[in-house]
Structures are given as C-alpha cells and as structure tokens.
file query.txt (compact mmCIF, C-alpha atoms)
# COMPACT_ATOMS: atom_id res chain seq x y z
CA MET A 1 -10.95 19.53 0.80
CA PHE A 2 -7.24 18.77 0.49
CA PRO A 3 -4.69 19.92 -2.11
CA ASN A 4 -3.98 17.37 -4.81
CA HIS A 5 -6.70 15.17 -3.34
CA HIS A 6 -7.47 12.10 -5.41
CA ARG A 7 -10.18 9.66 -4.47
CA ASN A 8 -8.79 6.15 -3.98
CA HIS A 9 -5.25 7.45 -3.68
CA LEU A 10 -2.94 4.56 -4.57
CA HIS A 11 0.51 6.06 -4.11
CA LEU A 12 2.12 6.81 -0.77
CA PRO A 13 3.22 10.42 -0.39
CA THR A 14 6.79 11.38 0.35
CA PRO A 15 7.42 13.22 3.63
CA GLU A 16 7.52 16.46 1.62
CA GLN A 17 4.15 15.72 -0.03
CA ALA A 18 2.40 14.67 3.18
CA LEU A 19 -0.02 16.90 5.05
CA PRO A 20 1.64 18.81 7.92
CA GLY A 21 -0.62 17.52 10.67
CA ARG A 22 -0.46 19.07 14.13
CA PRO A 23 1.72 18.90 17.26
CA SER A 24 -0.96 17.38 19.51
CA PRO A 25 -4.03 15.16 19.06
CA ALA A 26 -7.00 16.70 17.28
CA HIS A 27 -9.38 14.57 19.34
CA ALA A 28 -9.70 12.61 22.56
CA ILE A 29 -10.55 8.94 22.92
CA PRO A 30 -12.74 7.19 25.52
CA ASP A 31 -11.14 5.91 28.72
CA ARG A 32 -12.43 2.35 28.39
CA HIS A 33 -13.22 -0.35 25.84
CA THR A 34 -16.98 -0.62 25.33
CA VAL A 35 -16.86 -4.44 25.21
CA LEU A 36 -13.92 -5.48 27.38
CA GLY A 37 -14.18 -2.67 29.92
CA THR A 38 -10.40 -2.19 29.97
CA PRO A 39 -8.48 1.07 29.46
CA LEU A 40 -7.73 1.95 25.86
CA SER A 41 -4.52 3.91 26.31
CA GLY A 42 -1.39 2.91 28.18
CA PRO A 43 0.60 2.39 30.19
CA TYR A 44 -0.69 -1.18 30.25
CA PRO A 45 -0.33 -3.71 33.09
CA GLU A 46 3.00 -5.46 33.43
CA GLY A 47 3.35 -8.66 31.45
CA LEU A 48 1.10 -7.60 28.58
CA GLU A 49 2.41 -7.13 25.04
CA VAL A 50 1.36 -4.87 22.17
CA ALA A 51 0.82 -5.89 18.54
CA ASP A 52 -0.24 -3.67 15.63
CA PHE A 53 -2.01 -4.93 12.50
CA GLY A 54 -3.30 -3.22 9.35
CA LEU A 55 -5.78 -5.36 7.41
CA GLY A 56 -8.18 -3.00 5.68
CA CYS A 57 -11.00 -1.02 7.26
CA PHE A 58 -10.29 -1.04 10.98
CA TRP A 59 -13.94 -1.31 12.06
CA GLY A 60 -14.33 -5.00 11.30
CA ALA A 61 -10.68 -5.77 11.96
CA GLU A 62 -10.88 -4.53 15.54
CA ARG A 63 -13.86 -6.79 16.32
CA LYS A 64 -11.91 -9.85 15.13
CA PHE A 65 -9.31 -9.20 17.80
CA TRP A 66 -11.51 -8.12 20.73
CA GLN A 67 -13.40 -11.40 20.32
CA THR A 68 -10.15 -13.36 20.83
CA PRO A 69 -9.58 -14.83 24.32
CA GLY A 70 -6.40 -13.49 25.90
CA VAL A 71 -6.73 -10.07 24.29
CA TRP A 72 -6.84 -7.45 27.06
CA THR A 73 -7.86 -4.41 25.03
CA THR A 74 -8.01 -3.17 21.44
CA LEU A 75 -8.10 0.25 19.84
CA VAL A 76 -7.85 1.64 16.34
CA GLY A 77 -5.59 4.28 14.90
CA TYR A 78 -3.23 5.38 12.18
CA GLN A 79 0.34 4.18 11.68
CA GLY A 80 3.10 3.93 9.12
CA GLY A 81 2.81 7.41 7.64
CA HIS A 82 4.30 10.87 7.93
CA THR A 83 1.59 13.23 9.20
CA PRO A 84 1.57 13.70 12.99
CA HIS A 85 -1.81 13.34 14.72
CA PRO A 86 -3.90 13.01 11.55
CA THR A 87 -7.67 13.01 11.32
CA TYR A 88 -9.69 10.27 9.62
CA GLU A 89 -10.48 12.58 6.70
CA GLU A 90 -6.79 13.37 6.25
CA VAL A 91 -5.85 9.68 6.29
CA CYS A 92 -8.57 8.91 3.73
CA SER A 93 -7.19 11.62 1.46
CA GLY A 94 -4.13 9.45 0.86
CA LEU A 95 -1.91 12.39 1.81
CA THR A 96 -0.70 11.25 5.23
CA GLY A 97 0.83 7.88 4.30
CA HIS A 98 -0.86 6.12 7.22
CA ALA A 99 -2.58 2.75 7.28
CA GLU A 100 -5.71 2.03 9.31
CA VAL A 101 -4.39 -0.14 12.15
CA VAL A 102 -5.70 -2.13 15.09
CA ARG A 103 -3.59 -2.06 18.24
CA VAL A 104 -3.98 -5.31 20.18
CA VAL A 105 -2.86 -5.49 23.81
CA PHE A 106 -2.66 -9.13 24.84
CA ASP A 107 -1.55 -11.50 27.59
CA PRO A 108 1.09 -13.79 26.05
CA SER A 109 0.40 -16.41 28.72
CA LEU A 110 -3.15 -16.73 27.35
CA VAL A 111 -2.77 -16.07 23.61
CA SER A 112 0.44 -16.23 21.58
CA TYR A 113 1.61 -13.66 19.07
CA GLU A 114 1.55 -16.47 16.51
CA THR A 115 -2.14 -17.04 17.16
CA LEU A 116 -2.79 -13.33 16.56
CA LEU A 117 -0.79 -13.55 13.32
CA LYS A 118 -2.90 -16.50 12.20
CA LEU A 119 -6.06 -14.45 12.84
CA PHE A 120 -4.51 -11.51 10.97
CA TRP A 121 -3.64 -13.56 7.87
CA GLU A 122 -6.96 -15.42 7.73
CA SER A 123 -9.11 -12.29 8.25
CA HIS A 124 -8.11 -10.52 5.02
CA ASP A 125 -6.52 -11.04 1.60
CA PRO A 126 -2.89 -9.92 2.00
CA THR A 127 -2.21 -10.09 -1.74
CA GLN A 128 -4.35 -7.10 -2.76
CA GLY A 129 -1.87 -4.25 -2.30
CA ASN A 130 -3.53 -0.93 -1.55
CA ARG A 131 -7.03 -2.30 -1.14
CA GLN A 132 -9.27 -4.79 0.63
CA GLY A 133 -12.20 -5.78 -1.55
CA ASN A 134 -14.15 -2.64 -2.44
CA ASP A 135 -12.07 -0.49 -0.07
CA VAL A 136 -9.38 1.08 -2.24
CA GLY A 137 -6.54 3.32 -1.06
CA THR A 138 -3.19 3.20 0.68
CA GLN A 139 -4.87 3.41 4.10
CA TYR A 140 -6.28 -0.10 3.50
CA ARG A 141 -2.90 -1.74 2.82
CA SER A 142 -1.84 -4.85 4.69
CA ALA A 143 0.84 -4.26 7.31
CA ILE A 144 2.31 -5.63 10.52
CA TYR A 145 4.10 -3.18 12.80
CA THR A 146 6.31 -5.00 15.30
CA HIS A 147 7.40 -4.08 18.82
CA SER A 148 10.45 -6.31 19.29
CA PRO A 149 13.01 -8.30 17.28
CA ALA A 150 11.14 -11.45 18.33
CA GLN A 151 7.87 -10.13 16.89
CA GLN A 152 9.67 -9.08 13.70
CA SER A 153 11.21 -12.53 13.22
CA THR A 154 7.97 -14.35 14.03
CA ALA A 155 5.95 -12.14 11.67
CA GLU A 156 8.43 -12.61 8.83
CA SER A 157 8.44 -16.40 9.29
CA SER A 158 4.64 -16.41 9.41
CA ARG A 159 4.47 -14.38 6.19
CA THR A 160 6.79 -16.86 4.45
CA ALA A 161 4.71 -19.82 5.63
CA TYR A 162 1.42 -18.26 4.58
CA GLN A 163 2.85 -17.31 1.19
CA SER A 164 3.53 -20.98 0.53
CA VAL A 165 -0.02 -22.09 1.20
CA LEU A 166 -1.51 -19.10 -0.63
CA HIS A 167 0.63 -19.85 -3.69
CA ALA A 168 -0.53 -23.45 -3.62
CA SER A 169 -4.12 -22.14 -3.65
CA GLY A 170 -3.54 -19.93 -6.69
CA TYR A 171 -2.96 -16.59 -4.97
CA GLY A 172 -0.21 -14.15 -5.91
CA PRO A 173 2.51 -12.56 -3.81
CA ILE A 174 1.76 -11.23 -0.34
CA THR A 175 2.07 -7.44 -0.26
CA THR A 176 2.11 -7.17 3.55
CA ALA A 177 4.83 -4.94 4.98
CA VAL A 178 6.47 -6.15 8.20
CA LEU A 179 8.14 -3.15 9.82
CA PRO A 180 9.18 -1.94 13.28
CA ALA A 181 6.37 0.09 14.81
CA GLY A 182 6.56 3.85 14.49
CA PRO A 183 4.21 6.38 16.10
CA PHE A 184 0.62 5.18 16.57
CA TYR A 185 -2.03 7.90 16.47
CA TYR A 186 -5.41 7.15 18.05
CA ALA A 187 -8.43 7.34 15.76
CA GLU A 188 -11.44 9.43 16.73
CA ALA A 189 -13.74 8.25 19.53
CA HIS A 190 -16.57 7.13 17.24
CA HIS A 191 -14.23 4.76 15.40
CA GLN A 192 -13.25 2.95 18.60
CA GLN A 193 -15.23 -0.33 18.90
CA TYR A 194 -17.35 0.93 16.01
CA LEU A 195 -19.18 -2.34 15.37
CA ASP A 196 -20.15 -2.64 19.04
CA LYS A 197 -21.74 0.82 18.88
CA ASN A 198 -23.17 0.17 15.39
CA PRO A 199 -24.02 -3.58 15.23
CA GLY A 200 -25.39 -3.25 11.72
CA GLY A 201 -22.43 -1.19 10.55
CA TYR A 202 -20.18 -1.85 7.59
CA CYS A 203 -17.61 -4.61 7.96
CA GLY A 204 -15.29 -4.97 4.98
CA ILE A 205 -13.21 -7.78 6.47
CA GLY A 206 -13.06 -11.07 4.58
CA GLY A 207 -10.29 -13.60 4.17
CA THR A 208 -9.14 -15.90 1.40
CA GLY A 209 -10.45 -19.07 3.04
CA VAL A 210 -6.90 -20.41 3.08
CA SER A 211 -5.79 -21.65 6.51
CA CYS A 212 -2.54 -20.26 7.89
CA PRO A 213 -0.07 -22.75 9.38
CA ILE A 214 1.06 -21.99 12.91
CA GLY A 215 4.21 -22.87 14.78
CA VAL A 216 6.67 -22.39 11.93
CA ALA A 217 8.57 -19.62 13.68
CA LYS A 218 9.10 -21.75 16.77
CA ALA A 219 10.28 -24.61 14.60
CA ASP A 220 12.81 -22.33 12.91
CA SER A 221 14.23 -20.94 16.13
call {"tool": "encode", "arguments": {"input": "query.txt", "output": "structure tokens"}}
result
Amino acid sequence: MFPNHHRNHLHLPTPEQALPGRPSPAHAIPDRHTVLGTPLSGPYPEGLEVADFGLGCFWGAERKFWQTPGVWTTLVGYQGGHTPHPTYEEVCSGLTGHAEVVRVVFDPSLVSYETLLKLFWESHDPTQGNRQGNDVGTQYRSAIYTHSPAQQSTAESSRTAYQSVLHASGYGPITTAVLPAGPFYYAEAHHQQYLDKNPGGYCGIGGTGVSCPIGVAKADS
C-alpha cells in the first residue's frame, strides 16, 4: 500500500522519507468519552493539565488511564513523528515516525503527574525499544511527551528512579524518550475508548511486575 513499506518497521524515517500526510484531519472524532462522558477535544476546563504517554498499543493503554480517579478525559492519537494528520494505516507502515499515544487530561488536585508516571512505567516494559511484547514497530515505542518544564523534570527523575529498580531486577536500559510535546493528531473514532466498545478486544499492555518508586522528583526539588 505504501512505498518502501516494510512490515514491523524498526527504523524511524527522516522528515524527507516520511509520508506527506495532509493539511487537515482525515477523520473526525466523537464529541464525548464513552465511559467518562466528558469532551474529548479541548479547550479543557481551567485547572486541568494534559499528559501524553506512549506505551505500546493505545487500546489497552487508554483504559489504564480512564480507570484512574482524577483523570477527566482520555483520547488516543499519534505523536512524535513527521507526517501531519496521519491515518492509522500510515502510522502502522512505519513511514510517519509517530508513536501511538494516550492523551490524559487530569485534575492535579485529585491525581498527581507522578502517580500517572507510576501507572505509565508499571503498565508496560520500557526496555523493549520499538516493541511491546508481540507488537513490533516504531509506533509501539515507549515515550513521554511533556507539556511544561516541570513535567519534563519530573518525568526524567521518574525515569532515573525506575531504571534503578529495573536494573536491580535484571532488566536492561530504559529506552523511553522524554521529549517536549509536539503536535498530537487524533486517532480515528473507532480507536477512541476501543476496549469499552469492544470488551473482548485485544489488549497488549503488560508490565514488568517491578514497582515504580514515587516521590523522587519532589525529593530532588
């Protein structure tokens, strides 16, 4: 379907190699979250914060976060690549550079960013590079896209702390990128809250079983 398409593409394309995409979205998304009943797209109510996490297939990852008290809404999309407004098929070709990402809109008075980071680390294996279990490809890479210097610092400290406990448990280096958030492109409507619409659907999310320490960033500040 795509030029130079390779199944299980394991190398990120350069901007010149990436698919051209399109100037506007190829699809619309629903107005509201099927579980939480809240709007999916912004602007969001004052006082809420946004966090973006890539931890493998976004179907199971999104459910982890919408089940967390203090999370106002969640949605899935594509981030960290070059192609504007990609489709799912384009992302899966490996020729857009995007990761599958969950956007989490949360109330920091009810759930801390550190708590979301703990859930992120414990819900997948961040040492696997461009894969999660049987899901192989750059779109399944582990990534945190931050929305403020405070988020960036907290995420980096959390990564360092989790690396220590993973190493002690025999795991290798964490491959998770921690980068300032770039454009976030909504995934197609049927991917939003997929496991609510398809309760028996595929969930590729599984952690290492190693607990992530919390509070290290606050201790360092």
call {"tool": "residues_around", "arguments": {"input": "query.txt", "residues": "Ile205 in chain A", "least_positions_apart": "2", "cutoff": "10 Å", "atoms": "only C-alpha atoms", "output": "number ranges by chain"}}
result
A: 55-64, 122-125, 132-133, 135, 202-203, 207
call {"tool": "closest_atom_pairs", "arguments": {"input": "query.txt", "of": "range 126-178 of chain A", "to": "range 8-19 of chain A", "cutoff": "12 Å", "atoms": "only C-alpha atoms", "output": "Markdown table"}}
result
| residue | atom | partner | partner_atom | distance |
| --- | --- | --- | --- | --- |
| A:Gln128 | CA | A:Leu10 | CA | 11.9 |
| A:Gly129 | CA | A:Leu10 | CA | 9.2 |
| A:Asn130 | CA | A:Leu10 | CA | 6.3 |
| A:Arg131 | CA | A:Leu10 | CA | 8.7 |
| A:Gln132 | CA | A:Asn8 | CA | 11.9 |
| A:Asn134 | CA | A:Asn8 | CA | 10.4 |
| A:Asp135 | CA | A:Asn8 | CA | 8.4 |
| A:Val136 | CA | A:Asn8 | CA | 5.4 |
| A:Gly137 | CA | A:Asn8 | CA | 4.6 |
| A:Thr138 | CA | A:Leu10 | CA | 5.4 |
| A:Gln139 | CA | A:His9 | CA | 8.8 |
| A:Tyr140 | CA | A:Leu10 | CA | 9.9 |
| A:Arg141 | CA | A:Leu10 | CA | 9.7 |
call {"tool": "atom_distance", "arguments": {"input": "query.txt", "atom1": "CA of Ser158 in chain A", "atom2": "CA of Gly209 in chain A"}}
result
16.6 Å
call {"tool": "closest_residue", "arguments": {"input": "query.txt", "among": "A:Leu40, A:Val101, A:Leu48, A:Leu119", "to": "Tyr88 in chain A", "atoms": "all atoms listed in the file"}}
result
A:Val101
call {"tool": "atom_distance", "arguments": {"input": "query.txt", "atom1": "CA of His82 in chain A", "atom2": "CA of Phe106 in chain A"}}
result
27.1 Å
call {"tool": "closest_residue", "arguments": {"input": "query.txt", "among": "A:Tyr145, A:Val91, A:Gly37, A:His98", "to": "Thr74 in chain A", "atoms": "only C-alpha atoms"}}
result
A:Gly37
call {"tool": "decode", "arguments": {"input": "query.txt", "residues": "range 75-173 of chain A", "atoms": "C-alpha atoms", "output": "CSV table (one decimal), in the first residue's frame"}}
result
chain,number,residue,atom,x,y,z
A,75,LEU,CA,-8.1,10.0,24.0
A,76,VAL,CA,-5.7,8.3,21.7
A,77,GLY,CA,-3.7,9.6,18.8
A,78,TYR,CA,-0.3,9.9,17.1
A,79,GLN,CA,2.6,12.0,18.2
A,80,GLY,CA,6.4,12.3,17.8
A,81,GLY,CA,6.6,11.9,14.1
A,82,HIS,CA,6.7,14.0,10.9
A,83,THR,CA,3.6,13.3,8.9
A,84,PRO,CA,0.7,15.8,9.5
A,85,HIS,CA,-2.7,14.3,10.2
A,86,PRO,CA,-1.8,10.6,9.6
A,87,THR,CA,-4.1,7.7,9.4
A,88,TYR,CA,-3.8,4.5,11.4
A,89,GLU,CA,-2.6,2.6,8.4
A,90,GLU,CA,0.0,5.2,7.6
A,91,VAL,CA,1.3,5.1,11.2
A,92,CYS,CA,1.5,1.3,11.1
A,93,SER,CA,3.5,1.5,7.9
A,94,GLY,CA,6.4,2.9,9.9
A,95,LEU,CA,6.7,5.8,7.5
A,96,THR,CA,5.2,8.6,9.6
A,97,GLY,CA,7.6,8.4,12.6
A,98,HIS,CA,4.7,8.6,15.0
A,99,ALA,CA,4.1,6.7,18.2
A,100,GLU,CA,0.7,5.5,19.4
A,101,VAL,CA,-0.1,7.8,22.3
A,102,VAL,CA,-2.7,8.3,25.0
A,103,ARG,CA,-3.5,11.9,25.9
A,104,VAL,CA,-4.6,12.1,29.6
A,105,VAL,CA,-6.4,15.2,30.8
A,106,PHE,CA,-6.3,15.2,34.6
A,107,ASP,CA,-7.1,17.3,37.7
A,108,PRO,CA,-3.8,17.7,39.5
A,109,SER,CA,-5.7,18.4,42.8
A,110,LEU,CA,-7.0,14.8,42.6
A,111,VAL,CA,-4.2,12.9,40.9
A,112,SER,CA,-0.6,13.9,40.6
A,113,TYR,CA,1.5,13.7,37.4
A,114,GLU,CA,3.8,11.4,39.4
A,115,THR,CA,1.0,9.0,40.0
A,116,LEU,CA,0.3,8.9,36.3
A,117,LEU,CA,4.0,8.3,35.6
A,118,LYS,CA,4.0,5.4,38.1
A,119,LEU,CA,1.0,3.9,36.2
A,120,PHE,CA,2.8,4.5,32.9
A,121,TRP,CA,6.0,2.7,34.0
A,122,GLU,CA,4.2,-0.2,35.6
A,123,SER,CA,1.8,-0.8,32.7
A,124,HIS,CA,4.5,-1.7,30.1
A,125,ASP,CA,8.1,-2.8,29.7
A,126,PRO,CA,10.1,0.4,28.9
A,127,THR,CA,13.2,-1.6,28.0
A,128,GLN,CA,12.0,-3.1,24.7
A,129,GLY,CA,12.8,-0.4,22.2
A,130,ASN,CA,10.5,-0.4,19.2
A,131,ARG,CA,8.1,-3.1,20.5
A,132,GLN,CA,5.8,-4.1,23.3
A,133,GLY,CA,5.6,-7.9,23.5
A,134,ASN,CA,4.3,-9.2,20.2
A,135,ASP,CA,3.6,-5.7,18.9
A,136,VAL,CA,6.7,-4.8,16.9
A,137,GLY,CA,7.3,-1.4,15.2
A,138,THR,CA,8.3,2.1,15.9
A,139,GLN,CA,4.7,3.1,16.6
A,140,TYR,CA,4.9,0.9,19.7
A,141,ARG,CA,7.9,2.6,21.2
A,142,SER,CA,7.9,3.9,24.8
A,143,ALA,CA,7.7,7.7,25.1
A,144,ILE,CA,6.6,10.6,27.3
A,145,TYR,CA,5.7,13.9,25.7
A,146,THR,CA,5.8,16.7,28.2
A,147,HIS,CA,3.8,19.9,28.4
A,148,SER,CA,5.9,22.0,30.8
A,149,PRO,CA,9.4,22.2,32.2
A,150,ALA,CA,8.0,20.8,35.5
A,151,GLN,CA,6.6,17.7,33.7
A,152,GLN,CA,9.9,17.3,31.8
A,153,SER,CA,11.9,17.4,35.1
A,154,THR,CA,9.5,15.1,36.9
A,155,ALA,CA,9.5,12.6,34.1
A,156,GLU,CA,13.2,12.5,33.8
A,157,SER,CA,13.6,12.0,37.5
A,158,SER,CA,11.0,9.2,37.4
A,159,ARG,CA,12.8,7.5,34.6
A,160,THR,CA,16.1,7.6,36.6
A,161,ALA,CA,14.4,6.1,39.6
A,162,TYR,CA,12.7,3.4,37.7
A,163,GLN,CA,15.9,2.5,35.9
A,164,SER,CA,17.5,1.8,39.3
A,165,VAL,CA,14.8,-0.7,40.4
A,166,LEU,CA,14.6,-2.3,37.0
A,167,HIS,CA,18.4,-2.8,36.9
A,168,ALA,CA,18.2,-4.4,40.3
A,169,SER,CA,15.6,-6.8,38.9
A,170,GLY,CA,17.7,-7.8,36.0
A,171,TYR,CA,16.3,-5.6,33.3
A,172,GLY,CA,18.3,-3.6,30.8
A,173,PRO,CA,18.3,0.1,29.9
